[in-house]
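To keep things clear, I will list the structure first and then write my remarks on it.
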Number of protein chains: 2
Amino acid sequence: METVGIGLLGLGTVGSAVARRLMEQWELLAERAGATPALRCVAVRDVSRSRGFDLKNVRLVGDPQAVVSDPAVSIVVEAMGGIDPATGLIEASLRAGKTVVTANKAVIAASGPRLSALAAEHHAHLYFEASVSAGLPIVALLQGSLLGDRITALDGVINGTTNVILTQMRTPGVSYADALADAQRRGFAEADPSLDVDGWDAVSKLVILSRLAFGVNVTSDAVDRRGIRDVAVADVGALAQLGYRVRLLAHAERAASGAIHLRVRPTAVGPGHLLHAIDDADNAVIISSDLAGTVMLSGVGAGGGSTASAVVSDVVTAVRERAAPMTQPAPLTTPTLLGDEDLEVAGYVRLRLSAEADARALVLQALEDRGLAVDAAVDLTGLELAVFTGVGPRAVHDRALETLDTLTSVDEILGDLDRVEA
Amino acid sequence: METVGIGLLGLGTVGSAVARRLMEQWELLAERAGATPALRCVAVRDVSRSRGFDLKNVRLVGDPQAVVSDPAVSIVVEAMGGIDPATGLIEASLRAGKTVVTANKAVIAASGPRLSALAAEHHAHLYFEASVSAGLPIVALLQGSLLGDRITALDGVINGTTNVILTQMRTPGVSYADALADAQRRGFAEADPSLDVDGWDAVSKLVILSRLAFGVNVTSDAVDRRGIRDVAVADVGALAQLGYRVRLLAHAERAASGAIHLRVRPTAVGPGHLLHAIDDADNAVIISSDLAGTVMLSGVGAGGGSTASAVVSDVVTAVRERAAPMTQPAPLTTPTLLGDEDLEVAGYVRLRLSAEADARALVLQALEDRGLAVDAAVDLTGLELAVFTGVGPRAVHDRALETLDTLTSVDEILGDLDRVEA
């Protein structure tokens, strides 16, 4: 049986799991791939360190460029993470006509279309299943299924870290700081958690998914982003009492006009919604389309094993398709973004009423006067009121919130979130 | 742009939705496929009947063989259903070197491996995404993803009809007969519901999925099948009170030994289980594997639109891959079936105790004596008792049930079901 040489950049959690599978299950993989994927060369930080598993006959190098230029390597697996030097190494591999498998969401979000074009130009392939939600084969699904459908929306919980934190915050007495510290202790959050809690990780993934779903050339700038740092634990608790879950929801939609909207925002998710049950580190993506209706993919979205699962599956595919004719990637269109006057959302606002007579009624009346329906209003403790605002343009919501801030009936606006129902 | 001629067998609900999409969205499909799929010829029962949409320039014929032999047709879409004459028409198409797209689970379950080999022999392809759970791209997922994983189990709700009936039966006062009649009225069940309610439809789908997941050559005979006709509404109700849902669960597993077990049985699904929420006509499949952990795909499992979604996606894929090199399908192995002494299950039994003193304690003791743990026992109305038996070999469960039947402490065994927990 023919042998195909694999080079690996990085031997951290993901890289180690990939190397181990390639070494230990090569017969299974060879049977599925139609040729043997053989690990030839690995770039590591410390060449002398022991790995706890057998890397016999594999060349360990300190310089990642040595993997790229190793003539025995025809598929380069990038498992380093970060923009630099990963981007340059991927480029160099593709320019050398080598196929690349990467788990790097930052690189694909920033440069995916350019790298795909570069791959085609040099008769190579670029695979990136592992860049979004690890073990969930959502990239394959969007690339190879629903090909007769027009996708109208994506909704997902695609960042495990924030979901772990928000799940913890439902426990009475657990603050955001407590939940973050706990997530860090359990390995779900980095020492510097900004990429996750400020929404950047979810933004990268949403950009990648939106390109595939809508065929549009979007970048992270197009995403309306809000992280979870300022989510009040009082809102998580009050909403939990009412049957809601707060999740960092990633949402993309295409209007009938063709205009696109992408957002990553903490959102109150209603009891009948498919994402209501996605707790802790689980991930899920819902695809809405015109023929299939609603398809949901859910599972383990992070971690060495599930990320390695996606990487190794891509390696098998790369070996299978090594002789496939090169196809130029379909050109992406430059989208118009849906404006705040056209974008329909529902909301949730928690506020403290002033002692003014009829304050509650005046607040609800003010919202209606600003063109915003009120689906429900719930009295919380003291003078606190939770208002569930009905579906209406984002601009109307924002203006209504500004109005509330000026009313003498309102003492303080304490929290506001987007809201989705089943 | 190149044109690829499509022929269609059958213009029922699915066939009409496929034809409509091919006629109305040909530009979108052409862009995705890299060539234009053009509907050329359709076999219908009544050539003169009006269709409610434009079939201009499409040849309508009464004889399906005329579609197969039409030189303008290079991809044949089979949307007739049933074993005959569909099997013969698919064979004739493949022998003529024409690629086939089918939605026919009965044909694929009975003859899939033989037809795939026939396709390869004649340099054609065979696609059957629509044969399992319609719009859920589960076939593509098993063929093209998780390629580095060893799949250990599949669990699914893959028959919408029985799930609609069992969901209805949770409403107090609704009998099996009522629920079936209602499902028939709403178009979810056939006039003769046997294929669905006796489990045959789920068996066909499970056979197809198991071949893909485990690479084994199984047929319907290998499936431990029990339908829903004898599910007592009292069990559905009692279990609902305790937070359980009764579903027709399709389950396949591969033991470490390589032995396989497949079953389709009404099963009590515990509150934390992923399939607990899959009500009405929804479908879901959970794939368990060694690296990715648990992946679930859920959505609309039946109906013209979602089935057409899968068929048209396969047509686009077929056009895309028309120049791809033929690959012999991987050979399937002949599996050993897991015996009842090695197969671990949990159970639920509802029985009426006799008036004998200590009857309850004697029943529970008898189960323990037969080697079966009792997870819980719940007193229902009168002398009725629900027993949740612990995980143990199927053979031990069966023998314990036989023992109960002989005890003077037991008046009558009223119902028994498999049980799964999160």
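If you're wondering about the labels, chains in the structure tokens are A, B, ... by order shown, residues count from 1 in each chain, ligands from 1 in order shown.
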**OP:** Show which residues sit within 12 Å of Asp46 in chain A, as a list in words. Count only C-alpha atoms, and ignore same-chain residues fewer than 2 positions away.
**Re:** Gly10, Leu11, Gly12, Val42, Ala43, Val44, Ser48, Arg49, Ser50, Arg51, Leu60, Val61, Gly62, Asp63 and Pro64 of chain A
Could you make a table, as a tab-separated table, of the residues of chain A that have an atom within 7 Å of an atom of chain B, each with its nearest atom pair and distance in Å to one decimal, counting only C-alpha atoms, in chain and number order?
```
residue	atom	partner	partner_atom	distance
A:Leu29	CA	B:Gly148	CA	6.4
A:Gly135	CA	B:Ala292	CA	5.0
A:Leu136	CA	B:Val295	CA	6.4
A:Pro137	CA	B:Ser145	CA	6.4
A:Ser145	CA	B:Ser313	CA	6.0
A:Leu146	CA	B:Ser313	CA	5.4
A:Leu147	CA	B:Ser313	CA	4.4
A:Gly148	CA	B:Ser313	CA	4.8
A:Asp149	CA	B:Ser309	CA	6.4
A:Leu291	CA	B:Gly305	CA	5.0
A:Ala292	CA	B:Ser306	CA	4.1
A:Gly293	CA	B:Val300	CA	6.7
A:Thr294	CA	B:Gly299	CA	5.5
A:Val295	CA	B:Gly299	CA	4.4
A:Met296	CA	B:Ser298	CA	5.1
A:Leu297	CA	B:Leu297	CA	4.6
A:Ser298	CA	B:Met296	CA	5.1
A:Gly299	CA	B:Val295	CA	4.4
A:Val300	CA	B:Thr294	CA	6.5
A:Gly305	CA	B:Leu291	CA	5.0
A:Ser306	CA	B:Ala292	CA	4.1
A:Ser309	CA	B:Leu291	CA	5.4
A:Ala310	CA	B:Leu146	CA	6.7
A:Val312	CA	B:Gly148	CA	5.1
A:Ser313	CA	B:Leu147	CA	4.4
A:Val316	CA	B:Leu147	CA	6.4
A:Ala324	CA	B:Ala324	CA	6.8
```
**OP:** Using CA of Gln328 in chain A and CA of Ala120 in chain A as the two end points, give the distance in Å to one decimal.
**Re:** 5.8 Å
Original post:
Between B:Ala189, B:Ile151, B:Leu248, B:Val349, which has the minimum distance to Leu209 in chain B (counting only C-alpha atoms)?
Top reply: B:Ile151
Original post:
Which residues in range 28-270 of chain A does DSSP call strand (DSSP E)? List them as a VMD selection string.
Top reply: chain A and resid 36 to 43 59 to 61 75 to 78 99 to 102 126 to 127 151 to 157 223 to 225 245 to 254 260 to 269
**OP:** From the DSSP assignment of the backbone, select every residue of range 97-153 of chain B that is helix (DSSP H, G or I), and format the answer as a PyMOL selection string.
**Re:** chain B and resi 105-121+129-131+138-144
